[in-house]
Amino acid sequence: MKKIAIQGIKGCYHHVSLIKYLGENGYEIVECNTFNKLTQIITYGEANLGVMAIENSIIGSIFYNYILLSNHHLKILGSIVLNIEHNLIAFTDKKFNKILSHPIALQQCDNFISEYTQIRKIEYSDTALASLYISKNMLKKKASIASLRASKEYGLSIIYKNIQSISNNFTRLFIIETTQRKIKVNWDKSSILFSLNTNCHSKLLTVLNNIADKKIFITKILSFLDKPGEYLFYIDIILDDYMGYEQMKSNIKKKSHFFSILGEYMNYIFL
Ligand SMILES: O=C(O)C(=O)C[C@]1(C(=O)O)C=C[C@@H](O)C=C1
């Protein structure tokens, strides 16, 4: 059976995304406690695919994960945008003194938590693990911030629903694997990593103009300090003209001293 690695344990948002993408059955889940572990498991063939969060509308980009993808030569097979609806979950709605969750989930619910001045926040490596800890140890005075799925998985009740600070709390996750599979139909998204060695700024402008000339839309651009004076650029694009896209790629390649397609794939949105 196909093995799919996720960052976190069953009930975490990586798991929720996977269920939206592939359904409940037909694969075995490999739970990883860090993104490092996740990329290693895929690289060493201990899982066929992986699910990795890459950005969020409140927190922004998870820079480290772009570096992990590049260092492990992993490829993007698809991208998922999930509307994250956080819940406060616990055994009972009696007074609790600690809230446990993933640091990003805690940040995403900052407004809600700040109303409870006496409450301590405790960070966990994932939202579901925080819920499991409460459940396993029968901790009646602790609550976690997690998914509806986590509450069901670990027998806890929903005390408050939709406690994220903004309603548009979207997280984008990549489905990753070791080799680039060319999707034959309907892919419209591409992620490219490249570096321009000398006179970096003007060359970047030429590259961007070139993309615009081909009527390709840039949806995201990031720069990373690679070595002193040298930057790596990451772009996400949406295209509908494959010929123009092929020309664009060879134009960027000519100007780059490093060029890598991280993936040519489809984007799935789950609201
Ligand atoms: O802890 C989880 O449930 C996760 O899947 C992690 C994670 C993240 O890495 O950003 C995923 C989505 C939410 O935005 C908060 C946490």
# chains A, B, ... in the order shown; residues from 1 in each chain; ligands from 1
>>> select_by_dssp(residues="stretch 54-241 of chain A", states="strand (DSSP E or B)", output="number ranges by chain")
A: 54-56, 60-61, 75-83, 87-90, 98-101, 120-123, 142-146, 157-160, 170-177, 189-195, 217-227, 230-238
>>> select_by_dssp(residues="stretch 131-234 of chain A", states="helix (DSSP H, G or I)", output="list in words")
Ser131, Leu132, Tyr133, Ile134, Ser135, Lys136, Leu148, Arg149, Ala150, Ser151, Lys152, Glu153, Cys200, His201, Ser202, Lys203, Leu204, Leu205, Thr206, Val207, Leu208, Asn209, Asn210, Ile211, Ala212 and Asp213 of chain A
>>> residues_around(residues="A:Phe233", least_positions_apart="4", cutoff="8 Å", atoms="only C-alpha atoms", output="list of chain:residue names")
A:Leu193, A:Phe194, A:Ser195, A:Ile221, A:Leu222, A:Ser223, A:Phe224
>>> residues_around(residues="stretch 120-123 of chain A", least_positions_apart="5", cutoff="6 Å", atoms="only C-alpha atoms", output="list in words")
Lys98, Ile99, Leu100, Ser101, His102 and Pro103 of chain A
>>> residues_around(residues="stretch 29-35 of chain A", least_positions_apart="4", cutoff="7 Å", atoms="only C-alpha atoms", output="NGL selection string")
:A and (3-9 or 39 or 125)
>>> write_last_selection(atoms="C-alpha atoms", output="compact mmCIF listing (two decimals), in the first residue's frame")
# COMPACT_ATOMS: atom_id res chain seq x y z
CA LYS A 3 2.76 5.34 2.18
CA ILE A 4 2.21 9.05 2.70
CA ALA A 5 4.22 11.09 5.20
CA ILE A 6 2.67 14.01 7.07
CA GLN A 7 4.12 16.48 9.55
CA GLY A 8 2.15 15.69 12.68
CA ILE A 9 -0.09 12.86 13.82
CA THR A 39 11.80 15.21 3.89
CA SER A 125 4.99 20.03 17.52
>>> closest_residue(among="A:Thr171, A:Ser190, A:Ser260, A:Asn267", to="ligand 1", atoms="only C-alpha atoms and all ligand atoms")
A:Thr171
>>> closest_residue(among="A:Phe96, A:Lys2, A:Phe217, A:Lys249", to="A:Glu46", atoms="only C-alpha atoms")
A:Lys2
>>> atom_distance(atom1="atom CA of A:His72", atom2="atom CA of A:Lys253")
20.9 Å
>>> closest_atom_pairs(of="chain A", to="ligand 1", cutoff="6 Å", atoms="only C-alpha atoms and all ligand atoms", output="tab-separated table")
residue	atom	partner	partner_atom_place_in_ligand_line	distance
A:Cys12	CA	ligand 1	3 (O)	3.4
A:Tyr13	CA	ligand 1	5 (O)	3.6
A:His14	CA	ligand 1	5 (O)	4.2
A:Ala53	CA	ligand 1	9 (O)	5.2
A:His102	CA	ligand 1	1 (O)	5.0
A:Ile104	CA	ligand 1	15 (C)	5.1
A:Ala105	CA	ligand 1	15 (C)	4.5
A:Asp126	CA	ligand 1	1 (O)	3.3
A:Thr127	CA	ligand 1	1 (O)	3.9
A:Ala128	CA	ligand 1	3 (O)	5.8
A:Thr171	CA	ligand 1	14 (O)	5.3
>>> write_last_selection(atoms="N, CA and C atoms", output="mmCIF file, in the first residue's frame")
data_model
loop_
_atom_site.group_PDB
_atom_site.id
_atom_site.type_symbol
_atom_site.label_atom_id
_atom_site.label_comp_id
_atom_site.auth_asym_id
_atom_site.auth_seq_id
_atom_site.Cartn_x
_atom_site.Cartn_y
_atom_site.Cartn_z
ATOM 1 N N CYS A 12 -4.117 16.152 12.631
ATOM 2 C CA CYS A 12 -3.480 17.467 12.414
ATOM 3 C C CYS A 12 -3.948 18.003 11.051
ATOM 4 N N TYR A 13 -3.632 19.257 10.782
ATOM 5 C CA TYR A 13 -4.133 19.857 9.531
ATOM 6 C C TYR A 13 -3.474 19.260 8.285
ATOM 7 N N HIS A 14 -2.257 18.729 8.442
ATOM 8 C CA HIS A 14 -1.648 18.028 7.308
ATOM 9 C C HIS A 14 -2.506 16.802 6.956
ATOM 10 N N ALA A 53 3.309 21.796 4.801
ATOM 11 C CA ALA A 53 2.793 23.174 4.807
ATOM 12 C C ALA A 53 3.887 24.101 4.285
ATOM 13 N N HIS A 102 0.222 23.829 18.333
ATOM 14 C CA HIS A 102 1.349 24.163 17.463
ATOM 15 C C HIS A 102 1.565 25.679 17.544
ATOM 16 N N ILE A 104 2.236 27.945 15.437
ATOM 17 C CA ILE A 104 1.550 28.718 14.391
ATOM 18 C C ILE A 104 0.051 28.796 14.695
ATOM 19 N N ALA A 105 -0.522 27.702 15.164
ATOM 20 C CA ALA A 105 -1.955 27.697 15.514
ATOM 21 C C ALA A 105 -2.199 28.664 16.680
ATOM 22 N N ASP A 126 2.639 19.554 16.990
ATOM 23 C CA ASP A 126 1.466 19.694 16.126
ATOM 24 C C ASP A 126 0.192 19.760 16.961
ATOM 25 N N THR A 127 -0.855 20.256 16.337
ATOM 26 C CA THR A 127 -2.117 20.514 17.038
ATOM 27 C C THR A 127 -2.753 19.215 17.552
ATOM 28 N N ALA A 128 -2.604 18.144 16.749
ATOM 29 C CA ALA A 128 -3.222 16.870 17.121
ATOM 30 C C ALA A 128 -2.470 16.215 18.276
ATOM 31 N N THR A 171 -4.073 27.963 4.687
ATOM 32 C CA THR A 171 -2.715 27.398 4.664
ATOM 33 C C THR A 171 -2.545 26.667 3.341
#
>>> residues_around(residues="stretch 236-246 of chain A", least_positions_apart="3", cutoff="8 Å", atoms="only C-alpha atoms", output="PyMOL selection string")
chain A and resi 188-192+214-221+249-250
>>> decode(residues="stretch 108-140 of chain A", atoms="C-alpha atoms", output="mmCIF file, in the first residue's frame")
data_model
loop_
_atom_site.group_PDB
_atom_site.id
_atom_site.type_symbol
_atom_site.label_atom_id
_atom_site.label_comp_id
_atom_site.auth_asym_id
_atom_site.auth_seq_id
_atom_site.Cartn_x
_atom_site.Cartn_y
_atom_site.Cartn_z
ATOM 1 C CA GLN A 108 -3.374 32.316 14.478
ATOM 2 C CA CYS A 109 -5.711 32.440 17.495
ATOM 3 C CA ASP A 110 -3.974 35.292 19.283
ATOM 4 C CA ASN A 111 -7.132 37.442 19.655
ATOM 5 C CA PHE A 112 -9.076 34.608 21.249
ATOM 6 C CA ILE A 113 -6.253 33.646 23.651
ATOM 7 C CA SER A 114 -5.581 37.251 24.715
ATOM 8 C CA GLU A 115 -9.073 37.371 26.257
ATOM 9 C CA TYR A 116 -7.899 34.818 28.829
ATOM 10 C CA THR A 117 -5.172 36.709 30.693
ATOM 11 C CA GLN A 118 -4.538 33.924 33.238
ATOM 12 C CA ILE A 119 -4.019 31.212 30.644
ATOM 13 C CA ARG A 120 -0.578 29.865 29.749
ATOM 14 C CA LYS A 121 0.246 28.879 26.178
ATOM 15 C CA ILE A 122 2.264 25.715 25.662
ATOM 16 C CA GLU A 123 3.807 24.845 22.284
ATOM 17 C CA TYR A 124 3.553 21.379 20.759
ATOM 18 C CA SER A 125 4.991 20.030 17.517
ATOM 19 C CA ASP A 126 1.466 19.694 16.126
ATOM 20 C CA THR A 127 -2.117 20.514 17.038
ATOM 21 C CA ALA A 128 -3.222 16.870 17.121
ATOM 22 C CA LEU A 129 -0.346 15.779 19.368
ATOM 23 C CA ALA A 130 -1.401 18.448 21.884
ATOM 24 C CA SER A 131 -4.928 16.971 21.786
ATOM 25 C CA LEU A 132 -3.660 13.395 22.167
ATOM 26 C CA TYR A 133 -1.568 14.447 25.190
ATOM 27 C CA ILE A 134 -4.665 15.914 26.908
ATOM 28 C CA SER A 135 -6.755 12.862 26.070
ATOM 29 C CA LYS A 136 -4.182 10.209 27.064
ATOM 30 C CA ASN A 137 -3.397 11.863 30.378
ATOM 31 C CA MET A 138 -7.036 12.752 31.167
ATOM 32 C CA LEU A 139 -6.067 16.391 31.698
ATOM 33 C CA LYS A 140 -9.323 18.128 32.619
#
